[in-house]
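Q: The structure is given below, and queries will be raised subsequently.
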Amino acid sequence: MSQPPDAPHTLSARERTLLELGEGALTLAHELRNGMTGLSAVLELLQPKLCGGDAALVREARSRLADLGRLAEDLLLLARPLRCEPVSVDLLDLARQAACLLGRQRPSLRFVVEGEALRAQADPRLLKLLILNLLCNASNALPAGGAVVVSLSRTSRAGATWARLLVRDDGPGLPPGLRDSNSRTAA
């Protein structure tokens, strides 16, 4: 028998766990942002006093700090209730941004983006997170010098035109028993 619409909702164990994870992620992202703000201020004060290689190191540290800031923002995005705000997105550019970001974090690997320029209606932040996740997963088992390739193409299915984003790597691959369970297609 179902509850009346005005009855209080009791959270399941899974819902409570997800709520706690979300609250923990919000706290973590907040603390990360506070620490990064202080570090950014110190680097800003330090940079004009340095020259040559030391100044270049500070610029690199600021760039990495900006990457961390974007990751903290993404963590906040995941911890909050999901709001999808689709706009016209250049998929090739978004894939290049994600590959560039990950390439700076993993300089021993190569990230290649190829294919045709495609536009789609999508939430750019959520789609970039998805692409970053795919690139991270593909690159996690690669040895130094390995490559991750993102390919974009246009495809048709059921009378509609779709963008196809394919991520592949030159790693050893999944064991045969896991291949089918890890292959997914998303619309």
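Residues are referred to by chain and number: the chain letter is A, B, ... according to the order shown in the structure tokens, the number counts from 1 in that chain, and ligands are numbered separately from 1 in the order shown.
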Check the DSSP output for the backbone and give back, as an NGL selection string, the residues of stretch 49-168 of chain A in helix (DSSP H, G or I).
A: :A and (49 or 52-79 or 91-105 or 124-139)
Q: Using only C-alpha atoms, which residues sit within 9 Å of stretch 152-155 of chain A once same-chain residues fewer than 6 positions away are excluded, as a PDB file with all heavy atoms, in the first residue's frame?
A:
```pdb
ATOM      1  N   LEU A  91      31.379  20.422 -29.511  1.00  0.00           N
ATOM      2  CA  LEU A  91      31.870  19.191 -28.903  1.00  0.00           C
ATOM      3  C   LEU A  91      33.369  19.005 -29.090  1.00  0.00           C
ATOM      4  O   LEU A  91      34.062  18.539 -28.179  1.00  0.00           O
ATOM      5  CB  LEU A  91      31.119  17.987 -29.475  1.00  0.00           C
ATOM      6  CG  LEU A  91      29.619  17.959 -29.212  1.00  0.00           C
ATOM      7  CD1 LEU A  91      28.983  16.779 -29.917  1.00  0.00           C
ATOM      8  CD2 LEU A  91      29.323  17.926 -27.738  1.00  0.00           C
ATOM      9  N   LEU A  92      33.892  19.360 -30.255  1.00  0.00           N
ATOM     10  CA  LEU A  92      35.317  19.206 -30.518  1.00  0.00           C
ATOM     11  C   LEU A  92      36.127  20.097 -29.574  1.00  0.00           C
ATOM     12  O   LEU A  92      37.120  19.662 -28.981  1.00  0.00           O
ATOM     13  CB  LEU A  92      35.613  19.536 -31.984  1.00  0.00           C
ATOM     14  CG  LEU A  92      36.961  19.103 -32.533  1.00  0.00           C
ATOM     15  CD1 LEU A  92      37.130  17.588 -32.469  1.00  0.00           C
ATOM     16  CD2 LEU A  92      37.122  19.576 -33.978  1.00  0.00           C
ATOM     17  N   ALA A  95      35.998  18.652 -26.025  1.00  0.00           N
ATOM     18  CA  ALA A  95      36.891  17.494 -25.911  1.00  0.00           C
ATOM     19  C   ALA A  95      38.350  17.950 -25.845  1.00  0.00           C
ATOM     20  O   ALA A  95      39.151  17.402 -25.070  1.00  0.00           O
ATOM     21  CB  ALA A  95      36.678  16.539 -27.082  1.00  0.00           C
ATOM     22  N   VAL A 113      42.804  14.568 -29.879  1.00  0.00           N
ATOM     23  CA  VAL A 113      41.382  14.773 -30.200  1.00  0.00           C
ATOM     24  C   VAL A 113      41.285  14.934 -31.707  1.00  0.00           C
ATOM     25  O   VAL A 113      41.994  15.752 -32.299  1.00  0.00           O
ATOM     26  CB  VAL A 113      40.819  16.017 -29.480  1.00  0.00           C
ATOM     27  CG1 VAL A 113      39.366  16.244 -29.864  1.00  0.00           C
ATOM     28  CG2 VAL A 113      40.964  15.879 -27.968  1.00  0.00           C
ATOM     29  N   GLU A 114      40.428  14.131 -32.323  1.00  0.00           N
ATOM     30  CA  GLU A 114      40.294  14.164 -33.772  1.00  0.00           C
ATOM     31  C   GLU A 114      38.825  14.087 -34.155  1.00  0.00           C
ATOM     32  O   GLU A 114      37.987  13.709 -33.351  1.00  0.00           O
ATOM     33  CB  GLU A 114      41.058  12.988 -34.400  1.00  0.00           C
ATOM     34  CG  GLU A 114      40.545  11.633 -33.943  1.00  0.00           C
ATOM     35  CD  GLU A 114      41.393  10.461 -34.406  1.00  0.00           C
ATOM     36  OE1 GLU A 114      42.583  10.664 -34.694  1.00  0.00           O
ATOM     37  OE2 GLU A 114      40.839   9.348 -34.484  1.00  0.00           O
ATOM     38  N   GLY A 115      38.556  14.473 -35.384  1.00  0.00           N
ATOM     39  CA  GLY A 115      37.186  14.343 -35.874  1.00  0.00           C
ATOM     40  C   GLY A 115      36.644  15.652 -36.391  1.00  0.00           C
ATOM     41  O   GLY A 115      37.355  16.640 -36.511  1.00  0.00           O
ATOM     42  N   GLU A 116      35.365  15.627 -36.668  1.00  0.00           N
ATOM     43  CA  GLU A 116      34.723  16.789 -37.267  1.00  0.00           C
ATOM     44  C   GLU A 116      34.141  17.708 -36.185  1.00  0.00           C
ATOM     45  O   GLU A 116      33.806  17.265 -35.090  1.00  0.00           O
ATOM     46  CB  GLU A 116      33.646  16.346 -38.242  1.00  0.00           C
ATOM     47  CG  GLU A 116      32.590  15.424 -37.661  1.00  0.00           C
ATOM     48  CD  GLU A 116      31.631  14.910 -38.711  1.00  0.00           C
ATOM     49  OE1 GLU A 116      30.904  15.729 -39.304  1.00  0.00           O
ATOM     50  OE2 GLU A 116      31.624  13.690 -38.921  1.00  0.00           O
ATOM     51  N   ALA A 117      34.053  18.978 -36.535  1.00  0.00           N
ATOM     52  CA  ALA A 117      33.443  19.948 -35.632  1.00  0.00           C
ATOM     53  C   ALA A 117      31.944  19.673 -35.574  1.00  0.00           C
ATOM     54  O   ALA A 117      31.273  19.652 -36.598  1.00  0.00           O
ATOM     55  CB  ALA A 117      33.722  21.364 -36.107  1.00  0.00           C
ATOM     56  N   LEU A 118      31.445  19.419 -34.383  1.00  0.00           N
ATOM     57  CA  LEU A 118      30.024  19.123 -34.187  1.00  0.00           C
ATOM     58  C   LEU A 118      29.469  19.991 -33.068  1.00  0.00           C
ATOM     59  O   LEU A 118      30.165  20.264 -32.094  1.00  0.00           O
ATOM     60  CB  LEU A 118      29.827  17.652 -33.815  1.00  0.00           C
ATOM     61  CG  LEU A 118      30.264  16.614 -34.839  1.00  0.00           C
ATOM     62  CD1 LEU A 118      30.201  15.224 -34.231  1.00  0.00           C
ATOM     63  CD2 LEU A 118      29.380  16.690 -36.060  1.00  0.00           C
ATOM     64  N   THR A 161      19.984  12.310 -36.295  1.00  0.00           N
ATOM     65  CA  THR A 161      21.426  12.496 -36.367  1.00  0.00           C
ATOM     66  C   THR A 161      21.969  12.678 -34.957  1.00  0.00           C
ATOM     67  O   THR A 161      21.418  13.453 -34.167  1.00  0.00           O
ATOM     68  CB  THR A 161      21.778  13.727 -37.228  1.00  0.00           C
ATOM     69  OG1 THR A 161      21.231  13.525 -38.529  1.00  0.00           O
ATOM     70  CG2 THR A 161      23.270  13.923 -37.322  1.00  0.00           C
ATOM     71  N   TRP A 162      23.023  11.950 -34.651  1.00  0.00           N
ATOM     72  CA  TRP A 162      23.641  11.971 -33.326  1.00  0.00           C
ATOM     73  C   TRP A 162      25.126  12.263 -33.451  1.00  0.00           C
ATOM     74  O   TRP A 162      25.750  11.959 -34.458  1.00  0.00           O
ATOM     75  CB  TRP A 162      23.492  10.605 -32.646  1.00  0.00           C
ATOM     76  CG  TRP A 162      22.088  10.215 -32.383  1.00  0.00           C
ATOM     77  CD1 TRP A 162      21.196   9.670 -33.265  1.00  0.00           C
ATOM     78  CD2 TRP A 162      21.387  10.331 -31.147  1.00  0.00           C
ATOM     79  NE1 TRP A 162      19.987   9.436 -32.658  1.00  0.00           N
ATOM     80  CE2 TRP A 162      20.083   9.833 -31.349  1.00  0.00           C
ATOM     81  CE3 TRP A 162      21.736  10.791 -29.887  1.00  0.00           C
ATOM     82  CZ2 TRP A 162      19.131   9.799 -30.341  1.00  0.00           C
ATOM     83  CZ3 TRP A 162      20.791  10.752 -28.885  1.00  0.00           C
ATOM     84  CH2 TRP A 162      19.505  10.272 -29.116  1.00  0.00           C
ATOM     85  N   ALA A 163      25.685  12.806 -32.389  1.00  0.00           N
ATOM     86  CA  ALA A 163      27.135  12.946 -32.297  1.00  0.00           C
ATOM     87  C   ALA A 163      27.657  11.694 -31.608  1.00  0.00           C
ATOM     88  O   ALA A 163      27.073  11.222 -30.636  1.00  0.00           O
ATOM     89  CB  ALA A 163      27.501  14.185 -31.491  1.00  0.00           C
ATOM     90  N   ARG A 164      28.739  11.160 -32.117  1.00  0.00           N
ATOM     91  CA  ARG A 164      29.358   9.969 -31.519  1.00  0.00           C
ATOM     92  C   ARG A 164      30.728  10.365 -30.992  1.00  0.00           C
ATOM     93  O   ARG A 164      31.558  10.881 -31.733  1.00  0.00           O
ATOM     94  CB  ARG A 164      29.500   8.872 -32.559  1.00  0.00           C
ATOM     95  CG  ARG A 164      30.134   7.622 -31.993  1.00  0.00           C
ATOM     96  CD  ARG A 164      30.169   6.545 -33.055  1.00  0.00           C
ATOM     97  NE  ARG A 164      30.662   5.324 -32.484  1.00  0.00           N
ATOM     98  CZ  ARG A 164      31.489   4.513 -33.097  1.00  0.00           C
ATOM     99  NH1 ARG A 164      31.896   4.780 -34.315  1.00  0.00           N
ATOM    100  NH2 ARG A 164      31.896   3.415 -32.517  1.00  0.00           N
ATOM    101  N   LEU A 165      30.944  10.145 -29.713  1.00  0.00           N
ATOM    102  CA  LEU A 165      32.224  10.423 -29.071  1.00  0.00           C
ATOM    103  C   LEU A 165      32.811   9.079 -28.661  1.00  0.00           C
ATOM    104  O   LEU A 165      32.204   8.344 -27.882  1.00  0.00           O
ATOM    105  CB  LEU A 165      32.016  11.314 -27.843  1.00  0.00           C
ATOM    106  CG  LEU A 165      33.292  11.742 -27.144  1.00  0.00           C
ATOM    107  CD1 LEU A 165      33.209  13.213 -26.789  1.00  0.00           C
ATOM    108  CD2 LEU A 165      33.549  10.923 -25.913  1.00  0.00           C
ATOM    109  N   LEU A 166      33.966   8.759 -29.213  1.00  0.00           N
ATOM    110  CA  LEU A 166      34.623   7.487 -28.944  1.00  0.00           C
ATOM    111  C   LEU A 166      35.950   7.767 -28.265  1.00  0.00           C
ATOM    112  O   LEU A 166      36.733   8.597 -28.736  1.00  0.00           O
ATOM    113  CB  LEU A 166      34.848   6.730 -30.257  1.00  0.00           C
ATOM    114  CG  LEU A 166      35.602   5.417 -30.176  1.00  0.00           C
ATOM    115  CD1 LEU A 166      34.755   4.370 -29.467  1.00  0.00           C
ATOM    116  CD2 LEU A 166      35.969   4.947 -31.575  1.00  0.00           C
TER     117      LEU A 166
END
```
Q: Find the residues around stretch 168-174 of chain A up to 12 Å (only C-alpha atoms counted), leave out those fewer than 4 positions away in its own chain, and share them as a PyMOL selection string.
A: chain A and resi 109-114+134-152+178-183
Q: Using C-alpha atoms, can you write the selected residues to a file as a short mmCIF file (atom, residue, chain, number, x, y, z; two decimals), in the first residue's frame?
A:
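Contents of part-v2.cif, freshly written:
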```cif
data_model
loop_
_atom_site.label_atom_id
_atom_site.label_comp_id
_atom_site.auth_asym_id
_atom_site.auth_seq_id
_atom_site.Cartn_x
_atom_site.Cartn_y
_atom_site.Cartn_z
CA LEU A 109 50.73 10.52 -21.71
CA ARG A 110 49.50 11.78 -25.07
CA PHE A 111 45.92 12.98 -25.51
CA VAL A 112 44.72 13.31 -29.10
CA VAL A 113 41.38 14.77 -30.20
CA GLU A 114 40.29 14.16 -33.77
CA LEU A 134 36.18 8.90 -19.75
CA LEU A 135 39.71 10.24 -20.36
CA CYS A 136 40.73 9.53 -16.75
CA ASN A 137 39.41 5.99 -16.94
CA ALA A 138 41.18 5.39 -20.26
CA SER A 139 44.48 6.80 -18.98
CA ASN A 140 44.60 5.20 -15.53
CA ALA A 141 46.21 1.94 -16.66
CA LEU A 142 48.46 3.39 -19.36
CA PRO A 143 52.23 3.29 -19.03
CA ALA A 144 54.31 6.43 -19.70
CA GLY A 145 54.18 7.28 -23.40
CA GLY A 146 50.70 5.80 -23.79
CA ALA A 147 48.03 7.55 -25.82
CA VAL A 148 44.34 8.30 -25.36
CA VAL A 149 42.44 9.25 -28.53
CA VAL A 150 39.06 11.00 -28.59
CA SER A 151 37.21 10.75 -31.90
CA LEU A 152 34.08 12.71 -32.80
CA LEU A 178 34.94 -7.81 -18.09
CA ARG A 179 34.72 -6.35 -21.63
CA ASP A 180 30.99 -6.78 -22.16
CA SER A 181 30.01 -5.52 -18.71
CA ASN A 182 32.10 -2.32 -19.11
CA SER A 183 30.97 -1.33 -22.59
#
```
Q: Using only C-alpha atoms, determine which residues lie at most 12 Å from stretch 50-60 of chain A, disregarding the query and same-chain residues fewer than 5 positions distant; provide the list as a PDB file with N, CA and C atoms, in the first residue's frame.
A:
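Output contents, as saved in out12.pdb:
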```pdb
ATOM      1  N   LEU A  39      46.595  30.091  -0.956  1.00  0.00           N
ATOM      2  CA  LEU A  39      47.791  29.762  -1.737  1.00  0.00           C
ATOM      3  C   LEU A  39      47.904  30.656  -2.965  1.00  0.00           C
ATOM      4  N   SER A  40      46.791  30.932  -3.604  1.00  0.00           N
ATOM      5  CA  SER A  40      46.788  31.807  -4.771  1.00  0.00           C
ATOM      6  C   SER A  40      47.264  33.210  -4.401  1.00  0.00           C
ATOM      7  N   ALA A  41      46.839  33.714  -3.235  1.00  0.00           N
ATOM      8  CA  ALA A  41      47.271  35.045  -2.777  1.00  0.00           C
ATOM      9  C   ALA A  41      48.776  35.065  -2.539  1.00  0.00           C
ATOM     10  N   VAL A  42      49.301  34.020  -1.939  1.00  0.00           N
ATOM     11  CA  VAL A  42      50.745  33.946  -1.693  1.00  0.00           C
ATOM     12  C   VAL A  42      51.506  33.925  -3.015  1.00  0.00           C
ATOM     13  N   LEU A  43      51.055  33.135  -3.970  1.00  0.00           N
ATOM     14  CA  LEU A  43      51.720  33.061  -5.269  1.00  0.00           C
ATOM     15  C   LEU A  43      51.660  34.393  -6.006  1.00  0.00           C
ATOM     16  N   GLU A  44      50.544  35.078  -5.886  1.00  0.00           N
ATOM     17  CA  GLU A  44      50.401  36.378  -6.541  1.00  0.00           C
ATOM     18  C   GLU A  44      51.387  37.395  -5.971  1.00  0.00           C
ATOM     19  N   LEU A  45      51.583  37.357  -4.660  1.00  0.00           N
ATOM     20  CA  LEU A  45      52.543  38.263  -4.025  1.00  0.00           C
ATOM     21  C   LEU A  45      53.983  37.882  -4.368  1.00  0.00           C
ATOM     22  N   LEU A  65      47.042  25.300  -9.771  1.00  0.00           N
ATOM     23  CA  LEU A  65      46.059  25.729  -8.784  1.00  0.00           C
ATOM     24  C   LEU A  65      44.724  26.036  -9.460  1.00  0.00           C
ATOM     25  N   ALA A  66      44.774  26.637 -10.645  1.00  0.00           N
ATOM     26  CA  ALA A  66      43.539  26.905 -11.404  1.00  0.00           C
ATOM     27  C   ALA A  66      42.870  25.579 -11.792  1.00  0.00           C
ATOM     28  N   ASP A  67      43.675  24.577 -12.164  1.00  0.00           N
ATOM     29  CA  ASP A  67      43.116  23.252 -12.474  1.00  0.00           C
ATOM     30  C   ASP A  67      42.424  22.668 -11.249  1.00  0.00           C
ATOM     31  N   ARG A 104      47.926  18.276 -18.941  1.00  0.00           N
ATOM     32  CA  ARG A 104      48.794  19.014 -18.005  1.00  0.00           C
ATOM     33  C   ARG A 104      48.993  18.224 -16.724  1.00  0.00           C
ATOM     34  N   GLN A 105      47.981  17.464 -16.314  1.00  0.00           N
ATOM     35  CA  GLN A 105      48.080  16.690 -15.081  1.00  0.00           C
ATOM     36  C   GLN A 105      48.852  15.400 -15.285  1.00  0.00           C
TER      37      GLN A 105
END
```
Q: What gap, in Å, lies between atom CA of A:Glu85 and atom CA of A:Arg70?
A: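 Going from atom CA of A:Glu85 over to atom CA of A:Arg70 covers 18.1 Å.
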Q: Rank A:Leu76, A:Ala61, A:Leu46, A:Ala98 by their smallest atom-to-atom distance to A:Leu21, using only C-alpha atoms, and report the top residue only.
A: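 Nearest to A:Leu21: A:Leu76.
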Q: Could you tell me how far atom CA of A:Pro124 lies from atom CA of A:Leu68, in Å and to one decimal?
A: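 Computed distance, atom CA of A:Pro124 to atom CA of A:Leu68, equals 18.3 Å.
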Q: Quote the spacing between atom CA of A:Arg125 and atom CA of A:Glu23 in Å to one decimal place.
A: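 Separating atom CA of A:Arg125 from atom CA of A:Glu23 is a distance of 20.6 Å.
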Q: Measuring atom to atom with only C-alpha atoms, identify which of A:Arg119, A:Ala13, A:Ile131, A:Ala72 is nearest to A:Gly35.
A: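 Closest to A:Gly35 of all the choices is A:Ala72.
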Q: Tell me, which residues of stretch 69-122 of chain A carry DSSP strand (DSSP E), written as a ChimeraX atom specification?
A: /A:87-90,110-115,119-122
Q: Please determine, counting only C-alpha atoms, which residue among A:Ser88, A:Thr27, A:Thr10, A:Asn34 has the shortest atom-to-atom distance to A:Asp123.
A: A:Ser88
